[in-house]
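Data from input_1.txt: compact mmCIF, C-alpha atoms
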```
# COMPACT_ATOMS: atom_id res chain seq x y z
CA MET L 1 51.09 52.64 85.92
CA THR L 2 48.96 52.19 82.83
CA THR L 3 45.25 51.52 82.58
CA VAL L 4 44.74 48.78 80.01
CA GLY L 5 41.39 48.60 78.24
CA LEU L 6 40.41 45.26 76.77
CA ILE L 7 37.93 44.87 73.94
CA GLY L 8 37.42 41.16 74.24
CA SER L 9 38.23 39.24 77.43
CA GLY L 10 38.56 35.63 76.31
CA ASN L 11 41.66 33.46 76.45
CA ILE L 12 44.21 36.03 75.26
CA GLY L 13 42.41 39.05 76.71
CA GLY L 14 41.98 37.39 80.10
CA THR L 15 45.63 36.33 80.13
CA VAL L 16 46.87 39.82 79.24
CA ALA L 17 44.63 41.16 82.03
CA ARG L 18 46.13 38.71 84.55
CA LEU L 19 49.68 39.66 83.57
CA ALA L 20 48.85 43.37 83.61
CA VAL L 21 47.30 43.26 87.07
CA ALA L 22 50.26 41.24 88.38
CA ALA L 23 52.54 43.99 87.04
CA GLY L 24 50.56 46.68 88.86
CA HIS L 25 48.42 47.99 86.01
CA ASP L 26 44.69 48.63 86.17
CA VAL L 27 42.46 46.85 83.66
CA VAL L 28 39.03 47.63 82.24
CA LEU L 29 37.50 44.51 80.74
CA SER L 30 34.77 44.30 78.12
CA ASN L 31 33.18 41.83 75.74
CA SER L 32 30.21 41.60 73.38
CA ARG L 33 27.94 40.01 76.00
CA GLY L 34 27.92 42.73 78.64
CA PRO L 35 29.86 43.67 81.79
CA GLU L 36 27.81 41.38 84.02
CA THR L 37 29.24 38.31 82.24
CA LEU L 38 32.76 39.27 83.38
CA LYS L 39 32.02 39.17 87.12
CA ASP L 40 34.02 36.00 87.81
CA LEU L 41 37.10 37.33 86.04
CA VAL L 42 36.85 40.71 87.76
CA ASP L 43 36.49 38.98 91.14
CA GLU L 44 39.57 36.86 90.38
CA LEU L 45 41.65 39.88 89.36
CA GLY L 46 40.68 42.00 92.33
CA PRO L 47 40.47 45.74 92.90
CA ARG L 48 42.61 46.72 89.92
CA ALA L 49 39.98 45.31 87.54
CA ARG L 50 36.51 46.39 86.53
CA ALA L 51 34.09 45.48 83.76
CA ALA L 52 32.59 47.92 81.28
CA THR L 53 31.27 48.20 77.74
CA PRO L 54 33.70 48.20 74.79
CA ALA L 55 33.19 51.95 74.35
CA GLU L 56 33.92 52.55 78.04
CA ALA L 57 37.00 50.32 77.96
CA SER L 58 38.20 52.23 74.89
CA THR L 59 37.84 55.55 76.65
CA ALA L 60 39.36 54.40 79.95
CA GLY L 61 42.44 52.70 78.52
CA ASP L 62 45.78 54.47 78.15
CA LEU L 63 46.54 51.37 76.08
CA VAL L 64 43.79 49.24 74.53
CA VAL L 65 43.99 45.60 73.50
CA VAL L 66 41.58 44.48 70.76
CA THR L 67 41.24 40.74 71.05
CA ILE L 68 38.07 39.65 69.29
CA PRO L 69 37.38 37.38 66.31
CA LEU L 70 38.41 39.06 63.07
CA ARG L 71 34.86 38.85 61.71
CA ALA L 72 33.83 41.44 64.37
CA TYR L 73 36.60 43.98 63.80
CA ARG L 74 34.22 46.51 62.22
CA ASN L 75 32.39 46.69 65.56
CA VAL L 76 35.37 48.23 67.34
CA PRO L 77 34.40 51.84 68.19
CA ALA L 78 36.65 54.24 66.31
CA GLY L 79 35.81 57.53 68.01
CA PRO L 80 36.90 56.70 71.56
CA LEU L 81 40.23 55.35 70.28
CA THR L 82 41.42 58.55 68.63
CA GLY L 83 45.11 58.93 69.44
CA THR L 84 45.18 55.71 71.48
CA VAL L 85 47.77 52.96 71.15
CA VAL L 86 45.86 49.79 70.22
CA ILE L 87 47.34 46.30 70.33
CA ASP L 88 45.69 44.02 67.78
CA THR L 89 45.89 40.31 68.62
CA ASN L 90 43.94 39.08 65.62
CA ASN L 91 44.49 36.15 63.31
CA TYR L 92 42.52 35.16 60.22
CA TYR L 93 40.66 31.86 60.45
CA PRO L 94 38.34 31.57 57.42
CA GLU L 95 36.37 28.74 59.01
CA ARG L 96 35.52 31.08 61.90
CA ASP L 97 35.58 34.50 60.29
CA GLY L 98 34.31 33.91 56.77
CA ARG L 99 36.33 34.83 53.72
CA PHE L 100 38.21 38.11 53.35
CA PRO L 101 39.41 38.26 49.71
CA GLU L 102 42.13 40.81 50.48
CA LEU L 103 43.58 38.48 53.12
CA ASP L 104 43.31 35.46 50.84
CA GLU L 105 45.18 37.44 48.19
CA GLU L 106 47.69 38.61 50.82
CA SER L 107 47.32 42.18 49.64
CA THR L 108 46.89 43.35 53.23
CA THR L 109 47.08 42.03 56.80
CA THR L 110 44.62 41.72 59.65
CA SER L 111 46.16 44.62 61.55
CA GLU L 112 46.06 46.86 58.50
CA LEU L 113 42.33 46.15 58.30
CA LEU L 114 41.92 47.22 61.92
CA GLN L 115 44.01 50.34 61.29
CA ARG L 116 41.62 51.28 58.48
CA GLN L 117 38.71 50.78 60.87
CA LEU L 118 40.49 52.98 63.45
CA PRO L 119 42.13 55.65 61.27
CA ARG L 120 43.00 57.93 64.18
CA ALA L 121 44.29 55.21 66.49
CA ARG L 122 47.86 53.88 66.49
CA VAL L 123 47.64 50.14 65.89
CA VAL L 124 50.41 47.71 66.83
CA LYS L 125 50.17 44.00 66.09
CA GLY L 126 51.04 41.80 69.06
CA PHE L 127 50.07 38.84 71.27
CA ASN L 128 48.69 37.00 68.22
CA ASN L 129 51.38 34.37 67.77
CA ILE L 130 51.43 32.68 71.19
CA TYR L 131 49.09 30.18 72.87
CA PHE L 132 47.40 31.83 75.84
CA LYS L 133 48.67 29.25 78.34
CA HIS L 134 52.22 29.77 77.10
CA LEU L 135 51.75 33.54 77.37
CA LEU L 136 50.90 33.17 81.04
CA ALA L 137 53.63 30.63 81.78
CA LEU L 138 56.60 32.23 80.00
CA ALA L 139 56.53 35.69 81.61
CA ARG L 140 59.83 36.46 83.34
CA PRO L 141 61.36 39.52 85.03
CA ALA L 142 63.79 41.72 83.12
CA GLY L 143 67.25 40.21 82.99
CA ALA L 144 66.11 36.61 83.43
CA ALA L 145 68.24 34.19 81.44
CA ASP L 146 65.15 32.44 80.06
CA ARG L 147 63.16 35.53 79.15
CA THR L 148 60.97 35.17 76.07
CA ALA L 149 60.54 37.64 73.21
CA LEU L 150 57.32 38.47 71.35
CA PRO L 151 57.11 40.16 67.94
CA ILE L 152 55.37 43.47 67.31
CA ALA L 153 54.66 45.41 64.11
CA GLY L 154 53.31 48.90 63.60
CA ASP L 155 53.51 52.07 61.55
CA ASP L 156 54.01 54.45 64.50
CA ALA L 157 57.41 54.30 66.21
CA ALA L 158 56.21 55.94 69.42
CA ALA L 159 53.31 53.50 69.65
CA LYS L 160 55.72 50.59 69.32
CA ASP L 161 57.83 52.09 72.11
CA THR L 162 54.74 52.17 74.31
CA VAL L 163 53.93 48.55 73.54
CA THR L 164 57.56 47.52 74.10
CA ALA L 165 57.47 49.15 77.55
CA PHE L 166 54.19 47.41 78.36
CA LEU L 167 55.57 44.03 77.28
CA ASP L 168 58.64 44.63 79.42
CA SER L 169 56.45 45.38 82.43
CA ILE L 170 54.51 42.11 82.11
CA GLY L 171 57.57 39.94 81.55
CA TYR L 172 58.54 39.93 77.87
CA ASP L 173 61.08 41.35 75.47
CA ALA L 174 59.85 42.75 72.16
CA VAL L 175 61.22 42.24 68.65
CA ASP L 176 60.19 44.99 66.24
CA VAL L 177 59.36 43.41 62.89
CA GLY L 178 58.70 46.73 61.13
CA PRO L 179 55.48 48.25 59.76
CA LEU L 180 52.04 46.67 59.96
CA ALA L 181 52.51 45.31 56.45
CA GLU L 182 55.25 43.03 57.81
CA GLY L 183 52.88 41.53 60.37
CA TRP L 184 52.32 38.59 58.01
CA ARG L 185 55.66 37.23 59.25
CA PHE L 186 54.07 36.08 62.49
CA GLN L 187 50.54 35.38 61.31
CA ARG L 188 48.82 32.00 61.56
CA ASP L 189 50.83 28.96 60.42
CA THR L 190 54.12 30.78 59.81
CA SER L 191 57.43 29.69 61.33
CA ALA L 192 57.06 32.39 64.02
CA TYR L 193 53.57 31.29 65.04
CA ALA L 194 52.44 29.47 68.18
CA ALA L 195 54.36 26.19 67.81
CA LEU L 196 57.58 28.15 68.23
CA TYR L 197 56.79 28.53 71.95
CA SER L 198 55.92 24.88 72.53
CA ALA L 199 58.60 22.48 73.76
CA ASP L 200 57.10 19.59 71.80
CA PRO L 201 54.20 20.70 69.57
CA ALA L 202 53.69 17.22 68.12
CA ASN L 203 53.35 15.39 71.45
CA ASP L 204 53.05 17.86 74.34
CA TRP L 205 51.51 21.11 73.13
CA GLU L 206 50.87 22.35 76.68
CA ARG L 207 54.56 22.45 77.70
CA PRO L 208 55.99 25.91 76.93
CA ALA L 209 59.52 26.67 75.76
CA PRO L 210 61.26 30.06 76.15
CA VAL L 211 62.09 31.84 72.89
CA ASP L 212 64.75 34.50 73.04
CA ALA L 213 65.08 37.39 70.60
CA ALA L 214 67.66 35.63 68.42
CA LYS L 215 65.50 32.54 67.97
CA LEU L 216 62.46 34.67 67.24
CA ARG L 217 64.31 36.76 64.66
CA ALA L 218 65.47 33.58 62.90
CA ALA L 219 61.88 32.31 62.76
CA LEU L 220 60.64 35.64 61.43
CA ALA L 221 63.33 35.64 58.73
CA ALA L 222 62.32 32.13 57.71
CA ALA L 223 58.62 33.00 57.40
CA ARG L 224 57.01 32.55 53.99
CA ARG L 225 53.80 33.96 52.61
CA TYR L 226 51.02 31.44 52.12
CA ALA L 227 51.34 31.66 48.36
CA ASP L 228 55.02 30.72 48.63
CA SER L 229 54.55 27.88 51.11
```

Translate this file's structure into structure tokens.
Amino acid sequence: MTTVGLIGSGNIGGTVARLAVAAGHDVVLSNSRGPETLKDLVDELGPRARAATPAEASTAGDLVVVTIPLRAYRNVPAGPLTGTVVIDTNNYYPERDGRFPELDEESTTTSELLQRQLPRARVVKGFNNIYFKHLLALARPAGAADRTALPIAGDDAAAKDTVTAFLDSIGYDAVDVGPLAEGWRFQRDTSAYAALYSADPANDWERPAPVDAAKLRAALAAARRYADS
């Protein structure tokens, strides 16, 4: 089984950790506030989990999930992630992150920014387009009729294979959208973003709805850049 390092252990990071431990993986959790602040989560997850610093989680992980606010992406340690497959869960929220002109202009994507920060890592965009409660609720074993698919994007085919296998282990199919530059197709407020996985986003956001690969591909094909929306 894989050891999953988490840089950031909030809603998405904590949910990925729960799914990973349930699938038999080990997890090394970290955040910006220190390992001692993760005691409750580690106690909940049990012996397969431990808390560490971001640098330690980076070194320990066979696969590392970066799930922090975009404004902090430059703080991700590059050296320990050399050669590592990194899943980037980020989305751009200007009201939270401040303005990034290159993202406003749509000349790049959030995951391409992280790839520049981690030039020797192998970044794959994933887990960014689903509400954390839906992510926990929709996991299903392989072959289940109501199994849900999640999109991924990346420039390294082998890295995407690794992420696809990890998604499969925690209960999801993967739809490969192409290179990191195509990650805009499932960024914030596109047709493949979080509302897709809600049964009734207008009235009952909490109720999840399975999304198979065909439905996800249709939403990805219908996505429009912000400038064209």

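Reported to one decimal place, the separation of CA of Ser9 in chain L from CA of Thr110 in chain L is 19.1 Å.
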
Taking (52.6, 46.9, 88.2) in the file's own coordinates, collect the residues within 9 Å, counting all atoms listed in the file, and hand them back as an MDAnalysis selection string.
chainID L and resid 1:2 20:26 169:170

Please produce an output containing C-alpha atoms for each residue in the selection, written as a short mmCIF file (atom, residue, chain, number, x, y, z; two decimals), keeping the file's coordinate frame.
```
data_model
loop_
_atom_site.label_atom_id
_atom_site.label_comp_id
_atom_site.auth_asym_id
_atom_site.auth_seq_id
_atom_site.Cartn_x
_atom_site.Cartn_y
_atom_site.Cartn_z
CA MET L 1 51.09 52.64 85.92
CA THR L 2 48.96 52.19 82.83
CA ALA L 20 48.85 43.37 83.61
CA VAL L 21 47.30 43.26 87.07
CA ALA L 22 50.26 41.24 88.38
CA ALA L 23 52.54 43.99 87.04
CA GLY L 24 50.56 46.68 88.86
CA HIS L 25 48.42 47.99 86.01
CA ASP L 26 44.69 48.63 86.17
CA SER L 169 56.45 45.38 82.43
CA ILE L 170 54.51 42.11 82.11
#
```

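Here CA of Ala17 in chain L and CA of Glu56 in chain L stand 16.1 Å from one another.
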
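If you measure from each of L:Leu38, L:Val177, L:Ala165, L:Val66 to Leu220 in chain L using all atoms listed in the file, the closest one turns out to be L:Val177.
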
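Distance check against Ala158 in chain L using all atoms listed in the file: of L:Val175, L:Pro210, L:Tyr93, L:Thr84, the minimum falls on L:Thr84.
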
Please provide as a ChimeraX atom specification all residues within 7 Å of Val86 in chain L, with the sequence filter that same-chain residues fewer than 2 positions apart are discarded (counting all atoms listed in the file).
/L:63-66,84,88,121-124
